[in-house]
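First up is the structure itself, then whatever we jot down about it.
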Amino acid sequence: MAIFTKVMLVIWLLMILVLALLIFRITSLSNPTDLQHQDPIVDVFAITSPASRLSYDFYRNSCPAAEEVVWTMMSQIVSEHKDVPPALLRLFFHDCFIQIPCINLVDVFWINAIQGCDGSVLLNSSSNPNSTAERTAIPNRTLRGFNHIDAIKEAVEKICPGVVSCADILALATRDGVVQIGGPYYPVLTGRRDSKISYFNEATNHIPRPTDNVTQFLRAFAQRGFNARETVALLGAHNIGRMGCGVIRARFNFSGTGNPDPSIPADLLNEMRRRCPDQDQVNSESPSPAPSSDSSAVPAKSNNNSMPNGEKFDAHFYKNLLKGRGLIFSDQQLTARGTTSRIVRAYASDDGGEQAFRRDFARAMIKLSNLNVLTGDEGEIRLSCSLPRNT
Ligand code: HEM
């Protein structure tokens with residue numbers, strides 16, 4: 001009886017220890033300032049992610065021409081549509097950024113996350129009958145470029161059927177697009193597998209909002225292992241592409257006051273109003289909205305018109321922020337806190353700032369590309385990027 005009591009006591013003590021470790025882990029993750037100071041290379045999610053199971057030139061034996069086909073297709077597409085690289089960059093970010101926390105029971109004090117760069121955003125229906133496709137979630141409604149990924153996959157399927165994942169094609173095409181419009185090169189490891197399901201609720205809840213303040217989005221990035229510098233560098237993606245009128249108009253009603261954000265310089269506000277007139281005015285002047293250039297994108301009422309972020313992959317995004325000319329609230333928030341503001345000033349500097357930004361962006365993109373990927377026997381290799389294999 002005495003032995004039984006002792007064993008029970010030990011079990012209870014162990015359970016309390018495990019619980020304490022879990023609580024410690026959860027509370028430390030919810031404090032963004034702690035994570036901002038982590039080593040930029042070594043972090044929780046990089047360690048626990050299966051990125052180490054990706055490899056350089058994974059298809060060297062199974063489909064040696066795969067990467068070349070992606071590059072060639074992308075250069076053809078980009079020569080006709082300069083707006084595709086930013087569209088894919090955003091598509092890729094939205095694919096990688098969602099995560100479902102799950103507790104690793106072997107290593108209880110780590111909380112693992114699954115479902116990152118797994119091509120789930122590309123599915124046009126959900127295999128879960130109670131849910132809808134991830135790409136129809138509100139933050140994803142203005143995503144573009146699905147048709148180009150489908151076309152590249154089709155070309156790759158012709159030479160190696162059922163071998164190359166859509167998640168890898170999206171990662172490679174994103175990198176190639178960035179390089180082809182003058183952005184920095186970064187190596188992309190391959191061997192990702194495709195998700196069988198799509199994550200509507202996670203996309204709805206996990207993708208940062210243009211109305212988020214600096215604390216909110218630093219926390220979201222920190223939870224995925226990105227420190228403040230990496231976050232500022234990644235937001236530099238807003239150097240290229242466009243912001244739809246839906247998000248621009250939101251700035252005309254600052255915090256529900258009905259008045260524009262007072263921090264917007266007058267000339268920029270005029271330009272915003274000219275390009276994105278009130279919805280009522282648009283409806284009375286043009287009864288039929290202009291069709292989206294991407295026929296496969298989910299129709300977005302708010303994206304008939306837009307403001308350009310800029311053409312070149314340089315540091316103008318950061319220079320604009322210093323003049324208060326961020327197009328969306330969250331971008332401008334980068335200047336609202338000392339830590340991030342200092343990095344913005346460094347990237348905007350004429351003394352090597354742009355080179356520093358390009359280097360940091362490339363490093364952060366490597367990290368984003370490896371976020372919580374599926375490898376080995378996980379997931380599947382889809383035959384068409386918009387459909388799970390068994391349909
Ligand atoms: C706080 C984080 C972020 C927020 C709140 C945010 C929000 C937005 C919004 C609202 C748009 C305009 C969408 C529309 O037209 O309706 C946009 C565009 C874009 N975003 Fe972000 N974003 C964030 C981070 C990122 C990151 C990390 C990347 C890539 C690494 C990225 C890449 C892009 C690109 C390239 C565009 C232009 C897309 C196009 O031209 O179609 N964004 N973002």
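Lettering and numbering for the structure tokens are positional, with chains as A, B, ... in the shown order, residues counted from 1 in each chain, and ligands counted from 1 in the shown order.
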Non-local contacts of Ile152 (chain A) (10 Å; only C-alpha atoms; under 3 positions in same chain excluded) as a list in words: Ala66, Val69, Val70, Trp71, Thr72, Met73, Met74, Ile77, Asn147, His148, Ile149, Ala155, Val156, Glu157, Cys166, Ile169, Leu170, Ala173 and Cys385 of chain A
Selection file, N, CA and C atoms, as a compact mmCIF listing (two decimals), in the first residue's frame:
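For reference, out.txt as written:
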# COMPACT_ATOMS: atom_id res chain seq x y z
N ALA A 66 12.31 20.04 -63.34
CA ALA A 66 11.19 20.75 -62.69
C ALA A 66 11.49 22.23 -62.44
N VAL A 69 11.62 24.32 -65.57
CA VAL A 69 10.29 24.57 -66.16
C VAL A 69 9.59 25.71 -65.41
N VAL A 70 9.69 25.69 -64.07
CA VAL A 70 9.04 26.75 -63.29
C VAL A 70 9.66 28.10 -63.66
N TRP A 71 10.99 28.16 -63.74
CA TRP A 71 11.67 29.43 -64.07
C TRP A 71 11.24 29.92 -65.47
N THR A 72 11.23 29.00 -66.44
CA THR A 72 10.91 29.41 -67.82
C THR A 72 9.45 29.88 -67.92
N MET A 73 8.56 29.12 -67.30
CA MET A 73 7.14 29.51 -67.33
C MET A 73 6.97 30.89 -66.67
N MET A 74 7.65 31.08 -65.55
CA MET A 74 7.52 32.37 -64.85
C MET A 74 8.06 33.50 -65.72
N ILE A 77 5.44 34.34 -68.22
CA ILE A 77 4.29 35.01 -67.59
C ILE A 77 4.66 36.45 -67.22
N ASN A 147 -4.45 31.04 -61.26
CA ASN A 147 -4.43 30.47 -62.62
C ASN A 147 -3.00 30.25 -63.11
N HIS A 148 -2.07 31.13 -62.70
CA HIS A 148 -0.68 30.96 -63.16
C HIS A 148 -0.03 29.74 -62.49
N ILE A 149 -0.34 29.53 -61.22
CA ILE A 149 0.20 28.33 -60.54
C ILE A 149 -0.38 27.08 -61.19
N ALA A 155 2.26 22.30 -66.80
CA ALA A 155 3.49 22.11 -67.59
C ALA A 155 4.41 21.10 -66.91
N VAL A 156 4.51 21.17 -65.58
CA VAL A 156 5.38 20.23 -64.85
C VAL A 156 4.80 18.82 -64.89
N GLU A 157 3.47 18.72 -64.79
CA GLU A 157 2.82 17.40 -64.85
C GLU A 157 3.10 16.69 -66.17
N CYS A 166 2.45 21.03 -55.37
CA CYS A 166 2.00 22.41 -55.64
C CYS A 166 2.65 23.36 -54.64
N ILE A 169 5.92 24.16 -56.06
CA ILE A 169 5.77 25.01 -57.25
C ILE A 169 5.49 26.46 -56.83
N LEU A 170 4.63 26.62 -55.82
CA LEU A 170 4.32 27.99 -55.35
C LEU A 170 5.57 28.64 -54.73
N ALA A 173 8.01 29.40 -57.73
CA ALA A 173 7.49 30.45 -58.62
C ALA A 173 7.53 31.81 -57.93
N CYS A 385 -3.45 21.70 -58.86
CA CYS A 385 -3.24 22.45 -57.60
C CYS A 385 -4.53 22.89 -56.93
Environment of ligand 1 within 8 Å, counting only C-alpha atoms and all ligand atoms, reported as a ChimeraX atom specification: /A:83-94,139,141-144,207-212,217-218,231,234-247,302-303,306,308-309,328,330-331,365,368
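Considering the residues A:Glu230, A:Gln76, A:Thr132, A:Gly162 and counting only C-alpha atoms, Gln180 (chain A) has its shortest atom-to-atom contact with A:Gln76.
Going from CA of Lys196 (chain A) over to CA of Gln115 (chain A), you cover 10.5 Å.
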Need the shell around Leu321 (chain A): protein/DNA/RNA residues with any atom at most 12 Å away, counting only C-alpha atoms. Skip same-chain ones fewer than 5 positions apart. Format as a PDB file with N, CA and C atoms, in the first residue's frame?
ATOM      1  N   VAL A 232       9.986  43.470 -40.110  1.00  0.00           N
ATOM      2  CA  VAL A 232      10.085  44.729 -40.869  1.00  0.00           C
ATOM      3  C   VAL A 232      10.562  44.420 -42.291  1.00  0.00           C
ATOM      4  N   LEU A 235       7.696  42.849 -44.390  1.00  0.00           N
ATOM      5  CA  LEU A 235       6.681  43.829 -44.799  1.00  0.00           C
ATOM      6  C   LEU A 235       7.160  44.689 -45.969  1.00  0.00           C
ATOM      7  N   GLY A 236       8.472  44.661 -46.211  1.00  0.00           N
ATOM      8  CA  GLY A 236       9.022  45.328 -47.388  1.00  0.00           C
ATOM      9  C   GLY A 236       8.501  44.735 -48.686  1.00  0.00           C
ATOM     10  N   HIS A 238       5.708  44.997 -49.474  1.00  0.00           N
ATOM     11  CA  HIS A 238       4.763  46.040 -49.918  1.00  0.00           C
ATOM     12  C   HIS A 238       5.452  47.131 -50.745  1.00  0.00           C
ATOM     13  N   ASN A 239       6.683  46.890 -51.142  1.00  0.00           N
ATOM     14  CA  ASN A 239       7.378  47.703 -52.138  1.00  0.00           C
ATOM     15  C   ASN A 239       6.766  47.530 -53.525  1.00  0.00           C
ATOM     16  N   SER A 263      -3.337  61.147 -39.770  1.00  0.00           N
ATOM     17  CA  SER A 263      -1.887  61.112 -40.018  1.00  0.00           C
ATOM     18  C   SER A 263      -1.553  61.084 -41.513  1.00  0.00           C
ATOM     19  N   ILE A 264      -2.573  60.943 -42.383  1.00  0.00           N
ATOM     20  CA  ILE A 264      -2.270  60.863 -43.821  1.00  0.00           C
ATOM     21  C   ILE A 264      -1.999  62.269 -44.364  1.00  0.00           C
ATOM     22  N   PRO A 265      -0.846  62.493 -45.023  1.00  0.00           N
ATOM     23  CA  PRO A 265      -0.575  63.810 -45.597  1.00  0.00           C
ATOM     24  C   PRO A 265      -1.664  64.190 -46.612  1.00  0.00           C
ATOM     25  N   ASN A 309       1.709  50.068 -55.096  1.00  0.00           N
ATOM     26  CA  ASN A 309       2.723  50.173 -54.038  1.00  0.00           C
ATOM     27  C   ASN A 309       4.018  50.714 -54.618  1.00  0.00           C
ATOM     28  N   ALA A 315      14.092  50.443 -51.784  1.00  0.00           N
ATOM     29  CA  ALA A 315      13.748  50.757 -50.395  1.00  0.00           C
ATOM     30  C   ALA A 315      12.707  51.880 -50.307  1.00  0.00           C
ATOM     31  N   HIS A 316      12.001  52.176 -51.402  1.00  0.00           N
ATOM     32  CA  HIS A 316      11.086  53.331 -51.362  1.00  0.00           C
ATOM     33  C   HIS A 316       9.961  53.145 -50.334  1.00  0.00           C
ATOM     34  N   GLY A 326       2.607  55.623 -45.663  1.00  0.00           N
ATOM     35  CA  GLY A 326       2.231  54.214 -45.776  1.00  0.00           C
ATOM     36  C   GLY A 326       0.798  54.125 -46.276  1.00  0.00           C
ATOM     37  N   LEU A 327       0.541  53.172 -47.187  1.00  0.00           N
ATOM     38  CA  LEU A 327      -0.823  53.122 -47.753  1.00  0.00           C
ATOM     39  C   LEU A 327      -1.821  52.472 -46.812  1.00  0.00           C
ATOM     40  N   ILE A 328      -1.330  51.516 -46.004  1.00  0.00           N
ATOM     41  CA  ILE A 328      -2.265  50.915 -45.047  1.00  0.00           C
ATOM     42  C   ILE A 328      -1.781  51.201 -43.622  1.00  0.00           C
ATOM     43  N   PHE A 329      -2.730  51.205 -42.705  1.00  0.00           N
ATOM     44  CA  PHE A 329      -2.448  51.567 -41.310  1.00  0.00           C
ATOM     45  C   PHE A 329      -1.335  50.698 -40.729  1.00  0.00           C
ATOM     46  N   SER A 330      -1.424  49.361 -40.963  1.00  0.00           N
ATOM     47  CA  SER A 330      -0.440  48.465 -40.341  1.00  0.00           C
ATOM     48  C   SER A 330       0.976  48.798 -40.814  1.00  0.00           C
ATOM     49  N   ASP A 331       1.147  49.119 -42.093  1.00  0.00           N
ATOM     50  CA  ASP A 331       2.490  49.472 -42.577  1.00  0.00           C
ATOM     51  C   ASP A 331       3.001  50.709 -41.844  1.00  0.00           C
ATOM     52  N   GLN A 332       2.153  51.731 -41.751  1.00  0.00           N
ATOM     53  CA  GLN A 332       2.580  52.982 -41.131  1.00  0.00           C
ATOM     54  C   GLN A 332       2.923  52.765 -39.659  1.00  0.00           C
ATOM     55  N   GLN A 333       2.295  51.749 -39.053  1.00  0.00           N
ATOM     56  CA  GLN A 333       2.574  51.432 -37.652  1.00  0.00           C
ATOM     57  C   GLN A 333       4.033  51.039 -37.406  1.00  0.00           C
ATOM     58  N   LEU A 334       4.749  50.684 -38.468  1.00  0.00           N
ATOM     59  CA  LEU A 334       6.168  50.327 -38.300  1.00  0.00           C
ATOM     60  C   LEU A 334       6.974  51.496 -37.739  1.00  0.00           C
ATOM     61  N   THR A 335       6.450  52.708 -37.924  1.00  0.00           N
ATOM     62  CA  THR A 335       7.182  53.867 -37.385  1.00  0.00           C
ATOM     63  C   THR A 335       6.668  54.268 -35.997  1.00  0.00           C
ATOM     64  N   ALA A 336       5.722  53.489 -35.468  1.00  0.00           N
ATOM     65  CA  ALA A 336       5.102  53.894 -34.204  1.00  0.00           C
ATOM     66  C   ALA A 336       5.837  53.371 -32.976  1.00  0.00           C
ATOM     67  N   THR A 340      10.993  49.044 -34.215  1.00  0.00           N
ATOM     68  CA  THR A 340      10.733  48.884 -35.647  1.00  0.00           C
ATOM     69  C   THR A 340      11.107  50.156 -36.411  1.00  0.00           C
ATOM     70  N   SER A 341      10.892  51.295 -35.779  1.00  0.00           N
ATOM     71  CA  SER A 341      11.185  52.564 -36.433  1.00  0.00           C
ATOM     72  C   SER A 341      12.676  52.671 -36.760  1.00  0.00           C
ATOM     73  N   ARG A 342      13.515  52.196 -35.832  1.00  0.00           N
ATOM     74  CA  ARG A 342      14.969  52.233 -36.064  1.00  0.00           C
ATOM     75  C   ARG A 342      15.335  51.376 -37.278  1.00  0.00           C
ATOM     76  N   ILE A 343      14.666  50.235 -37.426  1.00  0.00           N
ATOM     77  CA  ILE A 343      14.978  49.350 -38.563  1.00  0.00           C
ATOM     78  C   ILE A 343      14.489  50.001 -39.866  1.00  0.00           C
ATOM     79  N   VAL A 344      13.306  50.650 -39.800  1.00  0.00           N
ATOM     80  CA  VAL A 344      12.790  51.355 -40.983  1.00  0.00           C
ATOM     81  C   VAL A 344      13.807  52.399 -41.424  1.00  0.00           C
ATOM     82  N   ARG A 345      14.332  53.165 -40.451  1.00  0.00           N
ATOM     83  CA  ARG A 345      15.299  54.218 -40.789  1.00  0.00           C
ATOM     84  C   ARG A 345      16.570  53.609 -41.379  1.00  0.00           C
ATOM     85  N   TYR A 347      16.829  50.801 -43.130  1.00  0.00           N
ATOM     86  CA  TYR A 347      16.573  50.350 -44.507  1.00  0.00           C
ATOM     87  C   TYR A 347      16.386  51.542 -45.462  1.00  0.00           C
ATOM     88  N   ALA A 348      15.879  52.658 -44.927  1.00  0.00           N
ATOM     89  CA  ALA A 348      15.626  53.824 -45.782  1.00  0.00           C
ATOM     90  C   ALA A 348      16.906  54.615 -46.033  1.00  0.00           C
TER      91      ALA A 348
END
CA of Arg249 (chain A) to CA of Asn205 (chain A), distance in Å rounded to a single decimal: 22.0 Å
Backbone DSSP call of strand (DSSP E) for region 68-269 of chain A, listed as a PyMOL selection string: chain A and resi 100-103+111-114+241-244
Atom pair CA of Leu374 (chain A) / CA of Asp194 (chain A): separation (Å): 7.0 Å
